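Here is coords.cif, consisting of mmCIF, C-alpha atoms and all ligand atoms:
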```
data_start
loop_
_atom_site.label_atom_id
_atom_site.label_comp_id
_atom_site.auth_asym_id
_atom_site.auth_seq_id
_atom_site.Cartn_x
_atom_site.Cartn_y
_atom_site.Cartn_z
CA ALA A 115 -39.79 -1.35 15.66
CA LEU A 116 -36.77 0.28 17.23
CA ALA A 117 -34.57 2.17 14.83
CA GLN A 118 -31.38 0.20 14.35
CA GLU A 119 -28.29 1.93 15.69
CA THR A 120 -25.80 3.05 13.07
CA VAL A 121 -22.01 2.74 13.13
CA LYS A 122 -20.38 5.33 10.91
CA ILE A 123 -17.06 4.87 9.14
CA GLY A 124 -15.39 8.02 7.81
CA LEU A 125 -13.37 7.04 4.74
CA ILE A 126 -11.04 9.90 3.75
CA LEU A 127 -9.33 9.46 0.38
CA PRO A 128 -7.73 11.37 -2.49
CA MET A 129 -10.63 11.10 -4.99
CA THR A 130 -9.30 13.93 -7.20
CA GLY A 131 -5.79 15.13 -8.04
CA PRO A 132 -2.69 13.11 -8.93
CA PHE A 133 -3.44 10.29 -6.47
CA ALA A 134 -7.11 9.80 -7.35
CA SER A 135 -6.51 6.21 -8.48
CA THR A 136 -5.71 5.33 -4.85
CA GLY A 137 -9.04 6.77 -3.74
CA ARG A 138 -11.02 5.09 -6.50
CA GLN A 139 -9.51 1.69 -5.76
CA ILE A 140 -10.09 1.87 -2.00
CA GLU A 141 -13.62 3.27 -2.29
CA ALA A 142 -14.61 0.52 -4.74
CA ALA A 143 -13.17 -2.19 -2.47
CA ALA A 144 -14.87 -0.83 0.68
CA LYS A 145 -18.23 -0.63 -1.10
CA LEU A 146 -17.77 -4.13 -2.50
CA TYR A 147 -17.04 -5.45 1.01
CA ILE A 148 -20.29 -3.97 2.34
CA ALA A 149 -22.24 -5.22 -0.69
CA GLU A 150 -20.92 -8.76 -0.19
CA LYS A 151 -21.03 -9.04 3.61
CA GLY A 152 -24.13 -6.91 4.20
CA ALA A 153 -24.56 -3.46 5.73
CA THR A 154 -25.29 -4.86 9.19
CA VAL A 155 -22.72 -6.20 11.66
CA ALA A 156 -23.21 -7.22 15.31
CA GLY A 157 -26.75 -5.84 15.16
CA LYS A 158 -25.66 -2.41 13.94
CA LYS A 159 -26.18 -0.74 10.60
CA VAL A 160 -22.90 0.21 8.88
CA GLU A 161 -22.75 3.59 7.16
CA LEU A 162 -19.76 4.51 5.02
CA ILE A 163 -19.10 8.24 4.58
CA VAL A 164 -16.58 8.87 1.77
CA LYS A 165 -14.79 12.26 1.63
CA ASP A 166 -12.27 13.61 -0.88
CA ASP A 167 -9.15 15.18 0.67
CA THR A 168 -7.51 15.79 -2.76
CA GLY A 169 -4.27 14.42 -1.25
CA THR A 170 -3.70 17.59 0.86
CA PRO A 171 -2.85 17.09 4.58
CA ASP A 172 -4.64 20.24 5.84
CA VAL A 173 -7.80 19.10 4.08
CA THR A 174 -7.50 15.56 5.49
CA ARG A 175 -7.21 16.97 9.02
CA ARG A 176 -10.19 19.33 8.58
CA ILE A 177 -12.37 16.54 7.17
CA ALA A 178 -11.37 14.16 9.98
CA GLN A 179 -12.32 16.83 12.54
CA GLU A 180 -15.73 17.34 10.89
CA LEU A 181 -16.37 13.60 10.69
CA LEU A 182 -15.59 13.25 14.40
CA VAL A 183 -17.53 16.28 15.64
CA ASN A 184 -20.50 16.50 13.24
CA ASP A 185 -20.98 12.93 12.03
CA LYS A 186 -19.73 11.21 15.19
CA VAL A 187 -17.95 8.49 13.23
CA SER A 188 -16.67 5.46 15.16
CA PHE A 189 -13.80 4.84 12.72
CA LEU A 190 -11.50 6.99 10.61
CA ALA A 191 -10.14 5.12 7.59
CA GLY A 192 -8.35 5.56 4.25
CA PHE A 193 -5.16 7.72 4.23
CA GLY A 194 -3.84 7.56 0.68
CA LEU A 195 -0.44 9.11 1.39
CA THR A 196 1.90 9.25 4.39
CA PRO A 197 1.54 13.01 5.12
CA LEU A 198 -2.25 12.58 5.24
CA ALA A 199 -1.96 9.87 7.90
CA PHE A 200 0.48 11.98 9.93
CA ALA A 201 -1.95 14.93 9.82
CA VAL A 202 -4.79 12.95 11.42
CA ALA A 203 -2.90 10.81 13.99
CA PRO A 204 -3.17 13.41 16.83
CA LEU A 205 -6.96 13.60 16.30
CA ALA A 206 -7.26 9.80 16.57
CA THR A 207 -5.37 9.92 19.87
CA GLN A 208 -7.37 12.84 21.33
CA SER A 209 -10.74 11.37 20.36
CA LYS A 210 -9.73 7.72 21.04
CA THR A 211 -10.97 6.72 17.59
CA PRO A 212 -9.59 3.72 15.68
CA MET A 213 -7.72 4.98 12.60
CA ILE A 214 -7.38 2.33 9.91
CA VAL A 215 -4.52 3.07 7.51
CA MET A 216 -5.45 1.33 4.24
CA ALA A 217 -2.79 2.84 1.94
CA ALA A 218 0.03 4.89 3.46
CA ALA A 219 3.18 2.84 4.04
CA THR A 220 5.94 4.73 5.87
CA SER A 221 7.11 2.47 8.70
CA SER A 222 6.72 5.08 11.48
CA ILE A 223 3.02 5.84 10.83
CA THR A 224 1.75 3.29 13.37
CA GLU A 225 3.94 4.95 16.03
CA GLN A 226 2.05 8.27 15.65
CA SER A 227 -0.97 7.07 17.65
CA PRO A 228 -1.94 3.99 19.71
CA PHE A 229 -5.27 4.10 17.81
CA ILE A 230 -3.66 3.44 14.41
CA VAL A 231 -3.96 -0.05 12.91
CA ARG A 232 -2.58 -0.71 9.40
CA THR A 233 -3.88 -2.99 6.64
CA SER A 234 -1.60 -1.75 3.84
CA PHE A 235 2.13 -2.52 4.19
CA THR A 236 5.42 -0.85 5.01
CA LEU A 237 8.12 0.01 2.50
CA PRO A 238 10.90 -1.73 4.47
CA GLN A 239 8.69 -4.84 4.64
CA VAL A 240 8.40 -5.09 0.85
CA THR A 241 11.88 -3.76 0.00
CA ILE A 242 14.21 -6.17 1.82
CA GLY A 243 13.01 -9.01 -0.42
CA ILE A 244 14.07 -7.32 -3.65
CA ALA A 245 17.49 -6.52 -2.13
CA ASP A 246 17.88 -10.20 -1.21
CA TRP A 247 16.77 -11.26 -4.68
CA ALA A 248 19.24 -8.82 -6.28
CA ALA A 249 22.17 -10.00 -4.15
CA LYS A 250 21.42 -13.63 -5.07
CA ASN A 251 21.11 -12.80 -8.76
CA GLY A 252 24.44 -11.17 -9.46
CA VAL A 253 23.70 -7.53 -8.59
CA LYS A 254 26.91 -6.15 -7.03
CA LYS A 255 26.50 -2.45 -7.83
CA ALA A 256 23.11 -0.76 -7.78
CA MET A 257 21.80 2.79 -7.96
CA THR A 258 18.57 3.91 -6.27
CA LEU A 259 15.81 6.32 -7.28
CA VAL A 260 12.99 7.09 -4.82
CA SER A 261 10.27 9.68 -4.28
CA ASP A 262 11.50 12.26 -1.77
CA TYR A 263 9.23 11.63 1.23
CA GLY A 264 8.61 9.06 3.96
CA PRO A 265 8.07 5.83 2.00
CA GLY A 266 10.84 6.63 -0.48
CA ILE A 267 13.33 7.36 2.29
CA ASP A 268 12.30 4.10 4.02
CA ALA A 269 12.76 2.15 0.76
CA GLU A 270 16.15 3.75 0.00
CA LYS A 271 17.50 2.84 3.45
CA ALA A 272 16.07 -0.69 3.54
CA PHE A 273 17.47 -1.47 0.09
CA LYS A 274 20.92 -0.04 0.81
CA ASP A 275 21.28 -1.67 4.26
CA ARG A 276 20.20 -5.06 2.96
CA LEU A 277 22.26 -5.07 -0.25
CA THR A 278 25.33 -3.82 1.61
CA ALA A 279 24.92 -6.55 4.28
CA ALA A 280 24.89 -9.09 1.43
CA GLY A 281 28.20 -7.74 0.06
CA GLY A 282 26.75 -5.43 -2.62
CA GLU A 283 27.11 -1.68 -2.98
CA VAL A 284 24.88 1.32 -3.74
CA THR A 285 26.94 3.53 -6.06
CA GLY A 286 24.50 6.40 -6.54
CA GLU A 287 21.19 7.52 -5.09
CA VAL A 288 18.65 10.22 -5.81
CA ARG A 289 15.40 11.45 -4.28
CA ILE A 290 12.91 12.92 -6.79
CA PRO A 291 10.12 15.35 -5.77
CA LEU A 292 6.75 13.67 -5.18
CA ARG A 293 4.86 16.23 -7.26
CA ASN A 294 5.73 16.76 -10.95
CA PRO A 295 8.69 14.36 -10.93
CA ASP A 296 11.37 14.57 -13.64
CA PHE A 297 13.43 11.42 -13.75
CA ALA A 298 15.49 12.24 -16.86
CA PRO A 299 18.63 13.85 -15.37
CA PHE A 300 19.26 10.96 -12.97
CA LEU A 301 18.41 8.38 -15.62
CA GLN A 302 21.16 9.92 -17.75
CA ARG A 303 23.59 9.38 -14.86
CA VAL A 304 22.44 5.77 -14.56
CA SER A 305 22.90 5.29 -18.29
CA ASP A 306 26.49 6.63 -18.05
CA ALA A 307 27.41 4.66 -14.90
CA LYS A 308 25.85 1.36 -16.03
CA PRO A 309 25.33 -0.27 -12.60
CA ASP A 310 24.09 -3.88 -12.51
CA ALA A 311 20.66 -2.65 -11.42
CA LEU A 312 18.52 0.40 -10.76
CA PHE A 313 16.20 0.09 -7.75
CA VAL A 314 13.08 2.30 -7.85
CA PHE A 315 10.26 3.33 -5.53
CA VAL A 316 7.57 5.73 -6.66
CA PRO A 317 4.02 5.73 -5.23
CA SER A 318 1.01 4.10 -6.86
CA GLY A 319 0.13 5.66 -10.22
CA VAL A 320 3.49 7.35 -10.87
CA GLY A 321 5.16 4.22 -12.31
CA SER A 322 3.89 4.90 -15.85
CA GLN A 323 5.71 8.25 -16.04
CA PHE A 324 8.86 6.61 -14.72
CA MET A 325 8.72 3.72 -17.19
CA LYS A 326 8.16 6.11 -20.10
CA GLN A 327 11.32 8.09 -19.25
CA PHE A 328 13.29 4.88 -18.56
CA VAL A 329 12.52 3.74 -22.12
CA GLU A 330 13.07 7.20 -23.67
CA ARG A 331 16.63 7.13 -22.26
CA GLY A 332 17.17 3.72 -23.86
CA LEU A 333 17.69 2.15 -20.44
CA ASP A 334 15.51 -0.84 -21.31
CA LYS A 335 18.24 -1.86 -23.78
CA SER A 336 21.27 -0.83 -21.68
CA GLY A 337 21.75 -3.99 -19.64
CA VAL A 338 20.90 -2.12 -16.40
CA ARG A 339 18.31 -4.32 -14.67
CA LEU A 340 15.22 -2.53 -13.46
CA ILE A 341 14.14 -3.72 -10.01
CA ALA A 342 11.48 -2.10 -7.84
CA THR A 343 8.80 -2.43 -5.23
CA GLY A 344 5.42 -3.37 -6.67
CA ASP A 345 4.22 0.22 -6.25
CA VAL A 346 5.99 0.98 -9.54
CA THR A 347 4.23 -1.82 -11.46
CA ASP A 348 0.86 -1.37 -9.78
CA ASP A 349 -1.99 -3.45 -11.27
CA ASP A 350 -3.89 -0.27 -12.15
CA ILE A 351 -1.21 0.74 -14.67
CA VAL A 352 1.04 -2.25 -15.43
CA ASP A 353 -0.81 -3.40 -18.54
CA SER A 354 -0.56 0.08 -20.09
CA MET A 355 3.25 0.13 -19.68
CA GLY A 356 3.62 -2.05 -22.76
CA ASP A 357 6.04 -4.85 -23.54
CA VAL A 358 9.08 -2.78 -22.47
CA ALA A 359 8.04 -3.64 -18.90
CA LEU A 360 8.27 -7.41 -19.54
CA GLY A 361 10.74 -9.14 -17.24
CA THR A 362 10.85 -6.39 -14.58
CA ILE A 363 11.33 -7.98 -11.14
CA THR A 364 9.56 -6.51 -8.15
CA THR A 365 8.61 -7.53 -4.61
CA HIS A 366 5.24 -6.71 -3.07
CA HIS A 367 2.38 -8.07 -1.01
CA TYR A 368 -0.32 -8.15 -3.68
CA SER A 369 -0.80 -9.02 -7.32
CA ALA A 370 -4.18 -9.30 -9.05
CA ASN A 371 -2.64 -12.46 -10.52
CA HIS A 372 -2.18 -14.07 -7.05
CA ASN A 373 -3.30 -17.66 -7.35
CA SER A 374 -5.81 -18.44 -4.59
CA PRO A 375 -9.57 -19.05 -4.47
CA GLU A 376 -10.02 -15.96 -2.27
CA ASN A 377 -8.22 -13.76 -4.78
CA LYS A 378 -9.98 -15.19 -7.82
CA ALA A 379 -13.34 -14.39 -6.21
CA PHE A 380 -12.13 -10.91 -5.18
CA VAL A 381 -10.74 -10.03 -8.62
CA ALA A 382 -13.89 -11.25 -10.39
CA ALA A 383 -16.26 -9.30 -8.11
CA PHE A 384 -14.10 -6.16 -8.06
CA THR A 385 -13.62 -6.09 -11.83
CA LYS A 386 -17.36 -6.52 -12.33
CA ALA A 387 -18.15 -3.67 -9.92
CA ALA A 388 -15.37 -1.22 -10.79
CA ASN A 389 -14.46 -2.07 -14.40
CA VAL A 390 -10.74 -2.12 -13.56
CA ARG A 391 -8.42 -4.65 -11.97
CA PRO A 392 -7.97 -4.30 -8.21
CA ASN A 393 -4.51 -3.14 -7.17
CA PHE A 394 -2.75 -3.28 -3.79
CA MET A 395 -4.69 -0.22 -2.64
CA ALA A 396 -7.98 -2.07 -3.19
CA VAL A 397 -6.81 -5.02 -1.11
CA GLY A 398 -5.74 -2.63 1.69
CA GLY A 399 -9.27 -1.17 1.65
CA TRP A 400 -10.94 -4.58 1.56
CA ASP A 401 -8.93 -5.86 4.52
CA GLY A 402 -9.45 -2.61 6.42
CA MET A 403 -13.21 -3.15 6.17
CA HIS A 404 -12.75 -6.75 7.28
CA LEU A 405 -10.80 -5.56 10.31
CA ILE A 406 -13.61 -3.13 11.22
CA TYR A 407 -16.35 -5.76 10.81
CA GLU A 408 -14.51 -8.42 12.80
CA ALA A 409 -13.62 -5.97 15.60
CA LEU A 410 -17.30 -4.96 15.90
CA LYS A 411 -18.26 -8.64 16.10
CA LYS A 412 -15.77 -9.12 18.95
CA THR A 413 -17.12 -6.13 20.90
CA ASN A 414 -20.74 -7.19 20.19
CA GLY A 415 -21.28 -3.91 18.39
CA ALA A 416 -19.81 -1.69 21.14
CA THR A 417 -17.97 1.29 19.65
CA ASP A 418 -15.57 2.18 22.46
CA GLY A 419 -12.35 2.99 20.57
CA THR A 420 -9.98 1.38 23.06
CA ALA A 421 -12.00 -1.86 23.06
CA LEU A 422 -12.10 -1.91 19.25
CA VAL A 423 -8.33 -1.47 18.92
CA GLU A 424 -7.79 -4.21 21.55
CA ALA A 425 -10.08 -6.48 19.49
CA MET A 426 -7.99 -5.81 16.37
CA LYS A 427 -4.66 -6.72 17.99
CA GLY A 428 -3.49 -10.17 17.00
CA MET A 429 -6.34 -10.75 14.55
CA SER A 430 -5.49 -12.99 11.59
CA TRP A 431 -7.35 -13.95 8.43
CA THR A 432 -6.99 -15.02 4.82
CA SER A 433 -6.93 -11.96 2.57
CA PRO A 434 -7.07 -12.01 -1.23
CA ARG A 435 -3.29 -11.36 -0.94
CA GLY A 436 -2.71 -14.47 1.24
CA PRO A 437 -2.54 -15.04 5.03
CA ILE A 438 -2.22 -11.81 7.08
CA SER A 439 -2.29 -10.78 10.74
CA ILE A 440 -2.13 -7.66 12.90
CA ASP A 441 0.91 -7.69 15.19
CA ALA A 442 -0.50 -7.20 18.71
CA LYS A 443 2.46 -5.11 19.81
CA THR A 444 2.95 -2.80 16.82
CA ARG A 445 -0.61 -2.78 15.32
CA ASP A 446 1.12 -3.18 11.98
CA ILE A 447 0.41 -5.84 9.37
CA VAL A 448 2.39 -9.09 9.03
CA GLN A 449 2.10 -10.63 5.57
CA ASN A 450 3.72 -12.62 2.78
CA VAL A 451 5.93 -10.72 0.37
CA TYR A 452 6.15 -12.18 -3.11
CA VAL A 453 8.88 -11.93 -5.75
CA ARG A 454 7.22 -11.28 -9.12
CA LYS A 455 8.14 -10.91 -12.77
CA ILE A 456 6.10 -9.01 -15.34
CA GLU A 457 4.74 -11.51 -17.84
CA LYS A 458 1.93 -11.68 -20.35
CA VAL A 459 -1.09 -13.66 -19.16
CA ASP A 460 -4.00 -14.02 -21.62
CA GLY A 461 -2.66 -11.06 -23.58
CA GLN A 462 -2.29 -8.69 -20.59
CA LEU A 463 0.71 -7.75 -18.46
CA TYR A 464 0.66 -9.00 -14.88
CA ASN A 465 3.04 -9.26 -11.94
CA VAL A 466 3.41 -13.04 -11.82
CA GLU A 467 4.53 -14.29 -8.40
CA PHE A 468 7.29 -16.89 -8.41
CA SER A 469 8.61 -17.05 -4.86
CA THR A 470 7.44 -16.10 -1.37
CA PHE A 471 8.88 -14.66 1.83
CA GLU A 472 6.36 -15.83 4.43
CA ALA A 473 4.83 -13.80 7.29
CA VAL A 474 7.13 -10.78 7.02
CA PRO A 475 6.76 -8.17 9.82
CA ASP A 476 7.83 -4.54 9.41
CA PRO A 477 11.58 -5.10 9.78
CA VAL A 478 12.17 -1.65 11.27
CA LYS A 479 9.91 -2.35 14.27
CA ALA A 480 11.01 -6.00 14.51
CA GLY A 481 14.54 -4.67 15.10
CA LYS A 482 13.51 -2.34 17.97
C1 LIG A 501 2.51 5.71 -0.11
C2 LIG A 501 1.67 5.98 -1.18
C3 LIG A 501 1.62 5.12 -2.25
O1 LIG A 501 0.82 5.35 -3.31
C4 LIG A 501 2.42 3.98 -2.27
O2 LIG A 501 2.37 3.17 -3.34
C5 LIG A 501 3.26 3.71 -1.21
C6 LIG A 501 3.31 4.58 -0.13
C7 LIG A 501 2.58 6.65 1.03
O3 LIG A 501 2.42 7.87 0.82
O4 LIG A 501 2.80 6.20 2.16
#
```
For the structure just supplied, provide its representation as structure tokens.
Amino acid sequence: ALAQETVKIGLILPMTGPFASTGRQIEAAAKLYIAEKGATVAGKKVELIVKDDTGTPDVTRRIAQELLVNDKVSFLAGFGLTPLAFAVAPLATQSKTPMIVMAAATSSITEQSPFIVRTSFTLPQVTIGIADWAAKNGVKKAMTLVSDYGPGIDAEKAFKDRLTAAGGEVTGEVRIPLRNPDFAPFLQRVSDAKPDALFVFVPSGVGSQFMKQFVERGLDKSGVRLIATGDVTDDDIVDSMGDVALGTITTHHYSANHNSPENKAFVAAFTKAANVRPNFMAVGGWDGMHLIYEALKKTNGATDGTALVEAMKGMSWTSPRGPISIDAKTRDIVQNVYVRKIEKVDGQLYNVEFSTFEAVPDPVKAGK
């Protein structure tokens, strides 16, 4: 028999270092997708090559180069942090290789190469909802705390613009270093100023450290409402935050508690395979694999990068997170954004969704 042709997917992730939880979640989801759907698509064998970039842009770029030149991958995927996606975008363009961003969430990433397609989210997309919720729920004065890089700067601006447009005011803002963050000095300022709310963005995994310092400063009892994007109350860590986190309101595109048959099946299979709850990184990885499989079906297994990206444009499907689509013009994801409250469900803390903004595009690009 003829040897079956192989399509290789280079999955580059932080598997070690401070953002290893992102890598673990996405790797587990991608492997689960292949296990469930089969390692053959459109007559081709699918091979996943997972590489650890430790969360360092120079390493991501070197690995991407090796995957392209030595392994001849047809797809580059992963990208756990914004600087890692930026580092590889020029290589995707030069080599005409589809680059599937499964995690990184700065709005401008998709503008760095016409070969980038995103299955994660953008910070402005998930932030405007919490600003709207705040304005409707009596928040007039808010302070903001964000990680000092792309997604944090996006979140800070989206929150401020939206709250201000609704008649509210941002009375203090701070950007905290991404690595080794110390929130205490600014939390003291918040405690003294007593705004109606503190809005926070920190990337996946860092929320525990933030919540610990929030409680140490007594802010949980100060009357300052904690509001955030769901990155802060990520499913990987939310249960370990303890009851002090109860009642926190966030907006995001995925909760492991999302009530749909697709999500119940996904959570059950993922938890069985990985021994932890899936978080929003896992769902970005799962949908990224779906995008790759469905694009290959449309091209009948052809691996021309331009044809694959064309096949991805406008695609829509039902994800564990709800209905999603790829905007044909921006190659960015359009999805529901849910307002959630941390509650106890069967003895564990979850982000429980209670209202929905439907089919939200990245508002930055929608405004261009
Ligand atoms: C990014 C990383 C995260 O872990 C997250 O939750 C949001 C954004 C980023 O680097 O783009």
TODO: Residues within 8 Å of ligand LIG 501 (chain A), counting only C-alpha atoms and all ligand atoms: report them as a VMD selection string.
DONE: chain A and resid 133 136 194 to 198 217 to 220 236 to 237 263 to 266 316 to 319 344 to 346 395
Identify, on the basis of all atoms listed in the file, every residue whose closest approach to A:Leu182 does not exceed 12 Å; exclude the query and any residue fewer than 6 positions from it along the same chain; express the result as JSON, numbers by chain. {"A": [122, 123, 124, 125, 163, 175, 176, 188, 189, 190, 191, 202, 205, 206, 208, 209, 210, 211, 212, 213]}
Legend entry - One-decimal distance in Å that lies between atom CA of A:Phe300 and atom CA of A:Leu259: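 Separating atom CA of A:Leu259 from atom CA of A:Phe300 is a distance of 8.1 Å.
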- Message: When you look at stretch 277-294 of chain A with a cut-off of 9 Å (counting all atoms listed in the file), what residues show up, excluding the ones that are within fewer than 2 positions of it in the same chain? I need them as a PyMOL selection string.
- Response: chain A and resi 132+242+245-246+248-250+253-263+266-267+270+272-275+296-297+300+303-304+307+309+316-317
Which one of A:Ala370, A:Phe315, A:Pro437, A:Asp306 sits closest to A:Gly332 if you count all atoms listed in the file?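 Counting all atoms listed in the file, the residue closest to A:Gly332 is A:Asp306.
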> If you measure from atom CA of A:Ala201 to atom CA of A:Thr420, what distance in Å do you get, rounded to one decimal?
Replying inline: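 We find that atom CA of A:Ala201 and atom CA of A:Thr420 lie 20.6 Å from each other.
Closest approach to A:Leu146 from the set A:Met355, A:Leu312, A:Ala178, A:Met403 is made by A:Met403, with distances taken over all atoms listed in the file.
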Min atom-atom distance to A:Glu376 from the set A:Asn450, A:Ser354, A:Thr364, A:Ser433, counting all atoms listed in the file, belongs to A:Ser433
| said: Nearest residue to A:Asp349 out of A:Val240, A:Ile447, A:Ala442, A:Leu463, using all atoms listed in the file? | reply: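 Of the candidates, the smallest distance to A:Asp349 is held by A:Leu463.
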(Q) Given all atoms listed in the file as the basis, pick out the residue of A:Ala142, A:Ile406, A:Leu127, A:Met426 nearest to A:Val390. (A)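 Counting all atoms listed in the file, the residue closest to A:Val390 is A:Ala142.
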Selection near A:Phe200, 10 Å with only C-alpha atoms, sequence-local residues under 6 positions removed, as a VMD selection string: chain A and resid 171 174 to 175 193 218 220 222 to 227
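When all atoms listed in the file are used to measure the gap to A:Met129, the shortest distance among A:Asn371, A:Asn393, A:Thr444, A:Thr170 belongs to A:Thr170.
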Q. In Å, with one decimal, what is the gap from atom CA of A:Tyr368 to atom CA of A:Arg435?
A.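 Between these atoms lies a distance of 5.2 Å.
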Listed atoms of stretch 202-208 of chain A boxed axis-aligned with 5 Å per side, centre + edges as JSON:
```
{"center_x": -5.1, "center_y": 11.7, "center_z": 16.4, "size_x": 14.5, "size_y": 13.8, "size_z": 19.9}
```
Restrict the calculation to only C-alpha atoms, then for each residue of stretch 322-434 of chain A with any atom at most 7 Å from an atom of stretch 464-468 of chain A give the closest atom pair and their distance in Å to one decimal, rows by chain and rising residue number, as a tab-separated table.
```
residue	atom	partner	partner_atom	distance
A:Val352	CA	A:Tyr464	CA	6.8
A:Asp353	CA	A:Tyr464	CA	6.8
A:Ser369	CA	A:Asn465	CA	6.0
A:Asn371	CA	A:Val466	CA	6.2
A:His372	CA	A:Glu467	CA	6.8
```
As a tab-separated table (two decimals), in the coordinates of the input, the rebuilt stretch 447-462 of chain A with N, CA and C atoms:
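Listed below is the output, out.tsv:
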```
chain	number	residue	atom	x	y	z
A	447	ILE	N	0.78	-4.60	10.05
A	447	ILE	CA	0.41	-5.84	9.37
A	447	ILE	C	1.63	-6.76	9.18
A	448	VAL	N	1.39	-8.06	9.34
A	448	VAL	CA	2.39	-9.09	9.03
A	448	VAL	C	1.83	-9.86	7.83
A	449	GLN	N	2.64	-10.02	6.80
A	449	GLN	CA	2.10	-10.63	5.57
A	449	GLN	C	3.19	-11.24	4.72
A	450	ASN	N	2.77	-12.07	3.76
A	450	ASN	CA	3.72	-12.62	2.78
A	450	ASN	C	4.16	-11.51	1.84
A	451	VAL	N	5.43	-11.60	1.43
A	451	VAL	CA	5.93	-10.72	0.37
A	451	VAL	C	6.39	-11.63	-0.77
A	452	TYR	N	5.91	-11.32	-1.96
A	452	TYR	CA	6.15	-12.18	-3.11
A	452	TYR	C	7.17	-11.54	-4.06
A	453	VAL	N	8.01	-12.39	-4.68
A	453	VAL	CA	8.88	-11.93	-5.75
A	453	VAL	C	8.13	-12.19	-7.05
A	454	ARG	N	8.05	-11.18	-7.92
A	454	ARG	CA	7.22	-11.28	-9.12
A	454	ARG	C	7.99	-10.81	-10.35
A	455	LYS	N	7.55	-11.32	-11.49
A	455	LYS	CA	8.14	-10.91	-12.77
A	455	LYS	C	6.99	-10.50	-13.68
A	456	ILE	N	7.16	-9.41	-14.42
A	456	ILE	CA	6.10	-9.01	-15.34
A	456	ILE	C	6.09	-9.96	-16.54
A	457	GLU	N	4.93	-10.58	-16.72
A	457	GLU	CA	4.74	-11.51	-17.84
A	457	GLU	C	3.38	-11.25	-18.46
A	458	LYS	N	3.23	-11.80	-19.68
A	458	LYS	CA	1.93	-11.68	-20.35
A	458	LYS	C	1.07	-12.88	-19.98
A	459	VAL	N	-0.14	-12.60	-19.51
A	459	VAL	CA	-1.09	-13.66	-19.16
A	459	VAL	C	-2.38	-13.34	-19.91
A	460	ASP	N	-2.80	-14.26	-20.79
A	460	ASP	CA	-4.00	-14.02	-21.62
A	460	ASP	C	-3.96	-12.65	-22.30
A	461	GLY	N	-2.78	-12.29	-22.82
A	461	GLY	CA	-2.66	-11.06	-23.58
A	461	GLY	C	-2.49	-9.79	-22.77
A	462	GLN	N	-2.47	-9.89	-21.41
A	462	GLN	CA	-2.29	-8.69	-20.59
A	462	GLN	C	-1.09	-8.84	-19.67
```
